[in-house]
>>> print(open('final.cif').read())   # mmCIF, C-alpha atoms and all ligand atoms
data_protein
#
loop_
_atom_site.label_atom_id
_atom_site.label_comp_id
_atom_site.auth_asym_id
_atom_site.auth_seq_id
_atom_site.Cartn_x
_atom_site.Cartn_y
_atom_site.Cartn_z
CA MET A 259 17.28 -0.98 -9.35
CA LYS A 260 21.03 -0.78 -9.80
CA ILE A 261 22.04 -3.14 -12.61
CA VAL A 262 25.48 -3.89 -14.02
CA VAL A 263 25.86 -5.56 -17.43
CA LEU A 264 29.22 -7.35 -17.83
CA GLY A 265 30.10 -7.41 -21.53
CA ALA A 266 29.59 -4.59 -24.04
CA GLY A 267 28.78 -6.55 -27.19
CA SER A 268 25.52 -6.19 -29.08
CA TRP A 269 23.21 -7.99 -26.68
CA GLY A 270 24.66 -6.58 -23.46
CA THR A 271 24.51 -3.06 -24.87
CA ALA A 272 20.94 -3.48 -26.14
CA LEU A 273 19.62 -4.78 -22.82
CA ALA A 274 21.50 -2.10 -20.90
CA ILE A 275 19.85 0.54 -23.11
CA GLY A 276 16.45 -1.09 -22.57
CA ALA A 277 16.74 -1.26 -18.77
CA ALA A 278 18.02 2.33 -18.59
CA SER A 279 15.45 3.89 -20.89
CA ASN A 280 12.26 1.79 -21.01
CA ALA A 281 9.31 3.14 -19.04
CA PRO A 282 8.29 2.88 -16.32
CA ALA A 283 11.39 1.84 -14.40
CA ARG A 284 14.39 3.52 -16.07
CA HIS A 285 16.89 1.79 -13.81
CA ARG A 286 20.40 2.93 -12.93
CA VAL A 287 22.42 0.79 -15.33
CA THR A 288 26.17 0.42 -15.82
CA LEU A 289 27.69 -1.23 -18.89
CA TRP A 290 31.07 -2.84 -18.13
CA ALA A 291 33.59 -3.60 -20.88
CA ARG A 292 36.63 -5.79 -20.27
CA ASP A 293 38.70 -3.51 -22.45
CA ALA A 294 39.39 -0.06 -20.96
CA ALA A 295 39.90 1.43 -24.43
CA GLN A 296 36.45 0.20 -25.53
CA ALA A 297 34.88 1.66 -22.38
CA ALA A 298 36.60 5.00 -23.03
CA SER A 299 35.37 5.01 -26.62
CA LEU A 300 31.79 4.20 -25.56
CA GLN A 301 31.94 7.00 -23.02
CA ALA A 302 33.32 9.52 -25.50
CA GLN A 303 31.10 8.66 -28.48
CA ARG A 304 27.96 7.54 -26.57
CA VAL A 305 27.40 4.88 -29.21
CA ASN A 306 28.65 1.28 -29.52
CA ALA A 307 29.81 1.71 -33.10
CA ARG A 308 31.16 -1.82 -33.56
CA TYR A 309 28.36 -3.83 -31.98
CA LEU A 310 25.24 -1.64 -32.21
CA PRO A 311 25.88 1.09 -34.79
CA GLY A 312 23.51 4.04 -34.98
CA ILE A 313 21.97 3.54 -31.53
CA ALA A 314 22.67 6.29 -29.01
CA LEU A 315 23.44 5.32 -25.43
CA PRO A 316 21.00 7.09 -23.08
CA ASP A 317 22.65 9.81 -20.99
CA SER A 318 21.81 7.93 -17.81
CA LEU A 319 23.71 4.77 -18.87
CA GLY A 320 27.05 4.52 -17.06
CA VAL A 321 30.08 2.93 -18.71
CA ARG A 322 33.09 1.47 -16.93
CA ALA A 323 35.97 -0.99 -17.14
CA GLY A 324 38.33 -2.31 -14.46
CA PRO A 325 38.04 -5.10 -11.90
CA VAL A 326 34.80 -7.12 -11.98
CA GLY A 327 34.58 -7.11 -8.17
CA ALA A 328 34.43 -3.31 -8.10
CA ALA A 329 31.88 -3.20 -10.93
CA VAL A 330 29.40 -5.51 -9.15
CA ALA A 331 29.77 -3.97 -5.66
CA GLY A 332 26.53 -2.39 -4.46
CA GLN A 333 24.45 -3.58 -7.44
CA ASP A 334 21.01 -5.24 -7.19
CA LEU A 335 21.42 -7.43 -10.30
CA VAL A 336 24.44 -8.63 -12.28
CA ILE A 337 24.00 -9.58 -15.96
CA ILE A 338 26.71 -11.59 -17.73
CA ALA A 339 26.51 -10.62 -21.41
CA THR A 340 29.53 -12.41 -22.86
CA PRO A 341 29.48 -15.35 -25.25
CA MET A 342 29.68 -18.86 -23.69
CA SER A 343 33.46 -18.68 -24.04
CA GLY A 344 33.64 -15.91 -21.42
CA LEU A 345 31.16 -17.36 -18.92
CA ARG A 346 33.44 -19.62 -16.85
CA ASP A 347 35.96 -16.88 -16.17
CA LEU A 348 33.33 -14.36 -15.09
CA LEU A 349 31.44 -16.87 -12.94
CA SER A 350 34.62 -17.80 -11.13
CA GLN A 351 35.24 -14.12 -10.39
CA LEU A 352 31.66 -13.84 -9.07
CA LYS A 353 31.52 -17.01 -6.98
CA THR A 354 31.21 -15.21 -3.63
CA CYS A 355 28.79 -12.59 -4.99
CA ALA A 356 25.56 -12.42 -2.95
CA THR A 357 23.66 -10.48 -5.63
CA PRO A 358 21.45 -12.33 -8.19
CA VAL A 359 23.42 -13.12 -11.35
CA THR A 360 22.02 -13.89 -14.81
CA TRP A 361 23.71 -14.97 -18.03
CA LEU A 362 22.48 -14.17 -21.54
CA CYS A 363 24.68 -16.60 -23.49
CA LYS A 364 23.07 -19.28 -25.63
CA GLY A 365 25.20 -22.32 -26.26
CA PHE A 366 27.24 -25.12 -24.77
CA GLU A 367 30.74 -24.43 -23.50
CA ALA A 368 33.50 -25.96 -25.63
CA ALA A 369 34.64 -29.37 -24.35
CA ARG A 370 37.49 -29.21 -21.83
CA ALA A 371 39.96 -31.81 -20.64
CA GLN A 372 38.02 -34.58 -18.88
CA SER A 373 34.66 -32.92 -19.45
CA PHE A 374 32.27 -32.66 -22.40
CA GLY A 375 30.78 -29.28 -23.24
CA LEU A 376 28.47 -27.91 -20.57
CA LEU A 377 25.35 -25.79 -20.48
CA ALA A 378 25.69 -22.49 -18.62
CA HIS A 379 24.00 -23.73 -15.43
CA GLU A 380 26.32 -26.76 -15.44
CA VAL A 381 29.34 -24.44 -15.62
CA ARG A 382 27.88 -22.49 -12.72
CA ALA A 383 27.46 -25.70 -10.70
CA GLN A 384 31.17 -26.42 -11.22
CA VAL A 385 32.70 -23.03 -10.53
CA ALA A 386 30.17 -21.05 -8.46
CA PRO A 387 27.74 -23.51 -6.85
CA ASP A 388 26.52 -21.04 -4.21
CA LEU A 389 25.62 -18.30 -6.65
CA ILE A 390 21.94 -17.29 -6.86
CA ALA A 391 21.66 -17.33 -10.62
CA GLY A 392 19.66 -17.96 -13.78
CA ALA A 393 19.35 -17.39 -17.52
CA LEU A 394 17.54 -14.76 -19.59
CA SER A 395 16.61 -16.06 -23.03
CA GLY A 396 13.94 -15.94 -25.74
CA PRO A 397 13.55 -14.60 -29.28
CA SER A 398 15.38 -11.29 -29.24
CA PHE A 399 17.55 -9.63 -31.83
CA ALA A 400 19.69 -7.01 -30.10
CA MET A 401 19.01 -4.31 -32.68
CA GLU A 402 15.21 -4.58 -32.26
CA VAL A 403 15.48 -4.40 -28.46
CA ALA A 404 17.81 -1.41 -28.72
CA ARG A 405 15.24 0.34 -30.92
CA GLY A 406 12.54 -0.32 -28.33
CA GLN A 407 10.57 -2.73 -30.55
CA PRO A 408 8.22 -5.10 -28.65
CA THR A 409 9.99 -8.26 -27.48
CA ALA A 410 9.17 -11.14 -25.12
CA LEU A 411 11.83 -12.85 -23.00
CA VAL A 412 12.01 -15.74 -20.53
CA ALA A 413 13.63 -15.44 -17.10
CA ALA A 414 14.67 -18.94 -16.04
CA SER A 415 15.91 -19.85 -12.60
CA GLU A 416 15.23 -22.24 -9.78
CA HIS A 417 15.48 -19.19 -7.49
CA ALA A 418 12.34 -17.05 -7.24
CA SER A 419 14.50 -14.08 -6.23
CA VAL A 420 16.35 -14.22 -9.58
CA ARG A 421 13.14 -14.55 -11.60
CA ASP A 422 11.61 -11.63 -9.68
CA ALA A 423 14.71 -9.48 -10.12
CA LEU A 424 14.70 -10.07 -13.88
CA VAL A 425 11.02 -9.14 -14.17
CA GLU A 426 11.61 -5.99 -12.13
CA ALA A 427 14.69 -5.12 -14.18
CA PHE A 428 13.41 -5.64 -17.71
CA HIS A 429 9.59 -5.96 -17.82
CA SER A 430 8.51 -2.67 -19.37
CA SER A 431 6.59 -0.94 -22.11
CA ALA A 432 8.80 -2.66 -24.73
CA LEU A 433 9.90 -5.90 -23.03
CA ARG A 434 7.56 -8.56 -21.69
CA VAL A 435 9.32 -10.99 -19.34
CA TYR A 436 7.80 -14.41 -18.64
CA VAL A 437 9.22 -16.67 -15.93
CA ASN A 438 10.11 -20.37 -16.04
CA GLU A 439 11.79 -22.71 -13.54
CA ASP A 440 13.05 -25.06 -16.26
CA VAL A 441 16.60 -23.74 -16.69
CA THR A 442 17.77 -26.81 -18.60
CA GLY A 443 14.94 -26.56 -21.13
CA VAL A 444 15.44 -22.83 -21.65
CA GLU A 445 19.20 -23.26 -22.13
CA VAL A 446 18.90 -26.24 -24.49
CA GLY A 447 16.43 -24.29 -26.65
CA GLY A 448 18.76 -21.27 -26.83
CA ALA A 449 21.76 -23.42 -27.75
CA VAL A 450 20.24 -25.82 -30.27
CA LYS A 451 18.30 -23.17 -32.20
CA ASN A 452 21.65 -21.65 -33.20
CA VAL A 453 22.76 -24.91 -34.81
CA LEU A 454 19.42 -25.27 -36.58
CA ALA A 455 19.61 -21.68 -37.86
CA ILE A 456 22.85 -22.55 -39.64
CA ALA A 457 20.92 -25.39 -41.32
CA THR A 458 18.02 -23.18 -42.42
CA GLY A 459 20.40 -20.48 -43.64
CA LEU A 460 22.08 -23.09 -45.78
CA CYS A 461 18.72 -24.41 -46.98
CA ASP A 462 17.56 -20.93 -48.02
CA GLY A 463 20.93 -20.04 -49.52
CA LEU A 464 20.79 -23.13 -51.68
CA GLY A 465 17.26 -22.22 -52.80
CA LEU A 466 15.77 -25.49 -51.55
CA GLY A 467 12.41 -23.83 -50.98
CA LEU A 468 9.94 -22.94 -48.26
CA ASN A 469 8.72 -26.53 -47.87
CA ALA A 470 12.24 -27.63 -46.98
CA ARG A 471 12.66 -24.77 -44.51
CA ALA A 472 9.39 -25.60 -42.74
CA ALA A 473 10.43 -29.25 -42.52
CA LEU A 474 13.84 -28.32 -41.07
CA ILE A 475 12.29 -26.08 -38.43
CA THR A 476 9.70 -28.65 -37.41
CA ARG A 477 12.04 -31.64 -37.33
CA GLY A 478 14.67 -29.42 -35.72
CA LEU A 479 12.21 -28.67 -32.93
CA ALA A 480 11.77 -32.43 -32.49
CA GLU A 481 15.55 -32.88 -32.18
CA MET A 482 15.86 -30.02 -29.71
CA THR A 483 13.04 -31.45 -27.59
CA ARG A 484 14.50 -34.98 -27.60
CA LEU A 485 17.88 -33.70 -26.39
CA GLY A 486 16.34 -31.41 -23.79
CA VAL A 487 14.08 -34.09 -22.33
CA ALA A 488 17.03 -36.51 -22.15
CA LEU A 489 18.92 -33.82 -20.18
CA GLY A 490 16.02 -33.44 -17.76
CA ALA A 491 14.02 -30.59 -19.31
CA ARG A 492 10.23 -30.36 -19.48
CA PRO A 493 8.87 -31.03 -22.99
CA ASP A 494 6.45 -28.08 -22.87
CA THR A 495 9.34 -25.61 -22.47
CA PHE A 496 10.24 -26.28 -26.11
CA MET A 497 6.82 -25.03 -27.26
CA GLY A 498 7.55 -21.69 -25.60
CA LEU A 499 9.57 -18.55 -26.33
CA SER A 500 13.00 -20.05 -25.64
CA GLY A 501 12.26 -23.09 -27.83
CA LEU A 502 9.91 -22.73 -30.78
CA GLY A 503 9.89 -18.93 -30.47
CA ASP A 504 13.64 -18.48 -30.69
CA LEU A 505 13.96 -21.22 -33.30
CA VAL A 506 11.49 -19.49 -35.62
CA LEU A 507 13.17 -16.11 -35.11
CA THR A 508 16.73 -17.28 -35.60
CA ALA A 509 16.04 -19.74 -38.40
CA THR A 510 14.08 -17.23 -40.49
CA GLY A 511 15.34 -13.77 -39.49
CA ASP A 512 18.19 -12.29 -41.51
CA LEU A 513 19.46 -10.41 -38.44
CA SER A 514 20.67 -13.79 -37.13
CA ARG A 515 24.44 -14.33 -37.23
CA ASN A 516 23.94 -18.11 -37.17
CA ARG A 517 21.55 -18.03 -40.11
CA ARG A 518 24.02 -15.78 -41.95
CA VAL A 519 26.76 -18.40 -41.50
CA GLY A 520 24.53 -20.90 -43.32
CA LEU A 521 23.73 -18.39 -46.08
CA LEU A 522 27.45 -17.66 -46.57
CA LEU A 523 28.38 -21.35 -46.66
CA ALA A 524 25.73 -21.83 -49.34
CA GLN A 525 27.49 -19.12 -51.39
CA GLY A 526 30.64 -21.21 -51.29
CA ARG A 527 32.50 -19.30 -48.55
CA THR A 528 34.70 -21.30 -46.22
CA LEU A 529 33.70 -21.48 -42.58
CA LYS A 530 36.58 -19.17 -41.65
CA GLN A 531 35.50 -16.61 -44.24
CA ALA A 532 31.91 -16.80 -43.01
CA VAL A 533 32.84 -16.40 -39.34
CA ASP A 534 35.39 -13.64 -40.01
CA SER A 535 32.89 -11.63 -42.04
CA LEU A 536 30.40 -11.52 -39.16
CA GLY A 537 32.61 -9.76 -36.60
CA HIS A 538 30.23 -11.07 -33.93
CA VAL A 539 29.86 -14.42 -32.24
CA ALA A 540 27.77 -17.15 -33.95
CA GLU A 541 27.43 -19.60 -31.08
CA GLY A 542 26.08 -22.42 -33.27
CA VAL A 543 29.45 -22.76 -34.96
CA TYR A 544 31.12 -23.37 -31.60
CA CYS A 545 28.54 -25.62 -29.96
CA ALA A 546 27.32 -27.81 -32.84
CA ARG A 547 29.87 -30.55 -32.10
CA THR A 548 29.04 -30.53 -28.40
CA VAL A 549 25.32 -30.78 -29.15
CA VAL A 550 25.97 -33.88 -31.25
CA GLN A 551 28.42 -35.37 -28.71
CA ARG A 552 26.03 -34.93 -25.79
CA ALA A 553 23.17 -36.33 -27.86
CA ALA A 554 25.26 -39.38 -28.75
CA LEU A 555 26.17 -39.97 -25.10
CA LEU A 556 22.45 -39.96 -24.29
CA GLY A 557 21.43 -42.08 -27.28
CA VAL A 558 19.47 -39.19 -28.81
CA ASP A 559 19.14 -39.04 -32.60
CA MET A 560 19.87 -35.54 -34.03
CA PRO A 561 20.32 -35.96 -37.77
CA ILE A 562 20.03 -32.25 -38.67
CA ALA A 563 22.62 -31.23 -36.07
CA GLN A 564 24.87 -34.08 -37.28
CA GLY A 565 24.53 -32.76 -40.82
CA VAL A 566 25.54 -29.27 -39.66
CA VAL A 567 28.63 -30.66 -37.91
CA ALA A 568 29.63 -32.64 -41.02
CA LEU A 569 29.32 -29.44 -43.07
CA LEU A 570 31.24 -27.28 -40.59
CA ASP A 571 33.99 -29.91 -40.39
CA GLY A 572 34.16 -30.09 -44.18
CA GLN A 573 33.24 -33.79 -44.20
CA LEU A 574 30.15 -33.23 -46.37
CA LYS A 575 29.31 -30.76 -49.12
CA PRO A 576 25.88 -29.11 -48.84
CA ASP A 577 24.25 -31.28 -51.53
CA ALA A 578 25.53 -34.45 -49.86
CA ALA A 579 24.20 -33.26 -46.48
CA VAL A 580 20.75 -32.69 -48.01
CA ALA A 581 20.88 -36.11 -49.69
CA ALA A 582 21.83 -37.73 -46.38
CA LEU A 583 18.83 -36.15 -44.62
CA MET A 584 16.37 -36.98 -47.41
CA GLY A 585 17.71 -40.53 -47.74
CA ARG A 586 16.94 -41.55 -44.16
CA GLU A 587 14.57 -44.45 -43.59
CA PRO A 588 10.85 -43.58 -43.28
CA THR A 589 9.85 -43.18 -39.67
CA HIS A 590 6.96 -42.18 -37.41
CA GLU A 591 6.44 -38.44 -36.90
CA GLN A 592 6.17 -38.72 -33.11
CA LEU A 593 9.00 -37.13 -31.18
N1 LIG A 601 23.03 -10.32 -30.30
C1 LIG A 601 21.83 -10.82 -30.03
O1 LIG A 601 20.85 -10.44 -30.68
C2 LIG A 601 21.66 -11.83 -28.93
C3 LIG A 601 20.38 -12.03 -28.42
C4 LIG A 601 20.19 -12.97 -27.42
C5 LIG A 601 21.26 -13.69 -26.92
N2 LIG A 601 22.51 -13.47 -27.44
C6 LIG A 601 23.60 -14.25 -26.86
O2 LIG A 601 24.36 -13.38 -26.01
C7 LIG A 601 25.72 -13.78 -26.01
C8 LIG A 601 26.57 -12.55 -26.36
O3 LIG A 601 26.20 -12.22 -27.70
P1 LIG A 601 26.47 -10.82 -28.36
O4 LIG A 601 25.56 -10.76 -29.52
O5 LIG A 601 26.44 -9.72 -27.38
O6 LIG A 601 27.97 -11.06 -28.89
P2 LIG A 601 28.91 -10.01 -29.60
O7 LIG A 601 29.83 -10.77 -30.46
O8 LIG A 601 28.11 -8.89 -30.17
O9 LIG A 601 29.74 -9.39 -28.35
C9 LIG A 601 30.41 -10.18 -27.42
C10 LIG A 601 31.02 -9.26 -26.37
O10 LIG A 601 31.54 -10.04 -25.29
C11 LIG A 601 32.84 -9.57 -25.00
N3 LIG A 601 33.58 -10.67 -24.40
C12 LIG A 601 33.94 -11.83 -24.98
N4 LIG A 601 34.58 -12.60 -24.08
C13 LIG A 601 34.61 -11.90 -22.93
C14 LIG A 601 35.13 -12.16 -21.64
N5 LIG A 601 35.78 -13.28 -21.36
N6 LIG A 601 34.98 -11.21 -20.68
C15 LIG A 601 34.34 -10.07 -20.96
N7 LIG A 601 33.83 -9.76 -22.16
C16 LIG A 601 33.96 -10.67 -23.12
C17 LIG A 601 33.39 -9.10 -26.34
O11 LIG A 601 34.48 -8.21 -26.16
C18 LIG A 601 32.18 -8.42 -26.91
O12 LIG A 601 32.07 -7.11 -26.41
C19 LIG A 601 25.86 -14.93 -27.02
O13 LIG A 601 25.88 -16.14 -26.33
C20 LIG A 601 24.59 -14.81 -27.87
O14 LIG A 601 24.15 -16.06 -28.36
C21 LIG A 601 22.73 -12.55 -28.40
O1 LIG A 602 22.21 -13.58 -34.15
P1 LIG A 602 22.05 -14.92 -33.51
O2 LIG A 602 21.92 -16.02 -34.50
O3 LIG A 602 23.13 -15.15 -32.48
O4 LIG A 602 20.67 -14.88 -32.70
C1 LIG A 602 20.44 -13.84 -31.79
C2 LIG A 602 19.42 -14.24 -30.75
O5 LIG A 602 19.84 -15.37 -30.04
C3 LIG A 602 18.04 -14.42 -31.28
O6 LIG A 602 17.16 -14.69 -30.22
#
>>> encode(input="final.cif", output="structure tokens")
Amino acid sequence: MKIVVLGAGSWGTALAIGAASNAPARHRVTLWARDAAQAASLQAQRVNARYLPGIALPDSLGVRAGPVGAAVAGQDLVIIATPMSGLRDLLSQLKTCATPVTWLCKGFEAARAQSFGLLAHEVRAQVAPDLIAGALSGPSFAMEVARGQPTALVAASEHASVRDALVEAFHSSALRVYVNEDVTGVEVGGAVKNVLAIATGLCDGLGLGLNARAALITRGLAEMTRLGVALGARPDTFMGLSGLGDLVLTATGDLSRNRRVGLLLAQGRTLKQAVDSLGHVAEGVYCARTVVQRAALLGVDMPIAQGVVALLDGQLKPDAAVAALMGREPTHEQL
């Protein structure tokens, strides 16, 4: 296959490396960067020093910049590898594209005038309704994928052609790709786990213990499921890779940028200090408020996500947020 990956951050670069080098397929892959200087540096050094240090780009991996239209021409699959903040712009440039398109971003878009924050497929419905598209998600740290360590992903789309293209593109000796038609469920899992990982990072940074972390993950899964079902998702999706799987990975794995934000806040850093020190996107910081707003509009209770928002907004200190969660009325465990 001919595959173009739009966005040369850590995840786009890792997946481009995987598709170009994993047996058996070894596809013809091009990594597109919006910045011509970054593309030139990738080409010259054959390593993405800022986003994926120490990992060589395979010789067969092409690198380019320039107009998006030229980059996607003649390709069999287009992968959008930007954060949520870049999705709308790229989708609008791709709206007449006949090739299957897939986004990797996990979050809700920031609220815009006259619209609350949207999931990726909702953005697509607004700006590129005719696109044949879907999402690729699941528990996957870029560095592990770039090193060829075994990873399982979920290809989610209502279009069989997109699901099939993603399996053909990425299913390999190192990547196992499952398919799912529940795009809403897969996207809600990928977005909400980032918010919950901030909470578990904070919990661990404060030394609250393993019992507390297990409770946060389990009750966080309940919150995620409630919101997803209210948005039309299937409940069983949240027991899969893009739900429970990605929540466990991100909430407990120190490679997670979202978890690191929580750990840094627990050390007394400000949110700005925490975000600046990452140098990479931590989507949970940007979508936590939207998660809570959309839950409120639907009458869905999300106390952990609300606590994260109160912390990020500086309305609560960590100990007060913990006290607020522990002080809630006793309730039934059912979702
Ligand atoms: N890194 C991971 O392990 C990982 C794994 C799975 C999913 N994701 C998700 O993938 C998305 C991208 O994450 P990342 O880790 O690659 O981020 P990153 O911070 O490492 O890199 C983001 C890249 O996108 C580029 N970019 C930003 N806005 C753009 C725009 N408008 N047009 C073109 N390029 C733009 C940046 O220049 C940068 O190269 C996020 O939503 C993240 O949640 C990341
Ligand atoms: O580093 P994070 O927190 O953005 O998480 C990366 C991936 O989404 C894990 O699946």
>>> closest_residue(input="final.cif", among="A:Met259, A:Ile475, A:Leu389, A:Ala371", to="Gly332 (chain A)", atoms="all atoms listed in the file")
A:Met259
>>> residues_near_ligand(input="final.cif", ligand="ligand LIG 601 (chain A)", cutoff="8 Å", atoms="all atoms listed in the file", output="VMD selection string")
chain A and resid 264 to 271 291 to 293 309 339 to 345 347 to 348 362 to 365 395 to 401 448 to 449 452 513 to 514 537 to 541
>>> atom_distance(input="final.cif", atom1="CA of Arg518 (chain A)", atom2="CA of Arg405 (chain A)")
21.4 Å
>>> residues_near_point(input="final.cif", point="(21.0, -21.5, -45.7)", cutoff="8 Å", atoms="all atoms listed in the file", output="tab-separated table (two decimals) with C-alpha atoms, keeping the file's coordinate frame")
chain	number	residue	atom	x	y	z
A	455	ALA	CA	19.61	-21.68	-37.86
A	456	ILE	CA	22.85	-22.55	-39.64
A	457	ALA	CA	20.92	-25.39	-41.32
A	458	THR	CA	18.02	-23.18	-42.42
A	459	GLY	CA	20.40	-20.48	-43.64
A	460	LEU	CA	22.08	-23.09	-45.78
A	461	CYS	CA	18.72	-24.41	-46.98
A	462	ASP	CA	17.56	-20.93	-48.02
A	463	GLY	CA	20.93	-20.04	-49.52
A	464	LEU	CA	20.79	-23.13	-51.68
A	517	ARG	CA	21.55	-18.03	-40.11
A	518	ARG	CA	24.02	-15.78	-41.95
A	519	VAL	CA	26.76	-18.40	-41.50
A	520	GLY	CA	24.53	-20.90	-43.32
A	521	LEU	CA	23.73	-18.39	-46.08
A	522	LEU	CA	27.45	-17.66	-46.57
A	523	LEU	CA	28.38	-21.35	-46.66
A	524	ALA	CA	25.73	-21.83	-49.34
>>> closest_residue(input="final.cif", among="A:Gly465, A:Gly320, A:Gly486, A:Gly503", to="ligand LIG 602 (chain A)", atoms="all atoms listed in the file")
A:Gly503
>>> atom_distance(input="final.cif", atom1="CA of Gln407 (chain A)", atom2="CA of Ser430 (chain A)")
11.4 Å
>>> closest_residue(input="final.cif", among="A:Arg515, A:His590, A:Arg346, A:His379", to="Val453 (chain A)", atoms="only C-alpha atoms")
A:Arg515
>>> residues_near_point(input="final.cif", point="(27.3, -1.8, -13.5)", cutoff="8 Å", atoms="all atoms listed in the file", output="list of chain:residue names")
A:Lys260, A:Ile261, A:Val262, A:Val263, A:Leu264, A:Val287, A:Thr288, A:Leu289, A:Trp290, A:Gly320, A:Val321, A:Arg322, A:Ala329, A:Val330, A:Gln333, A:Val336
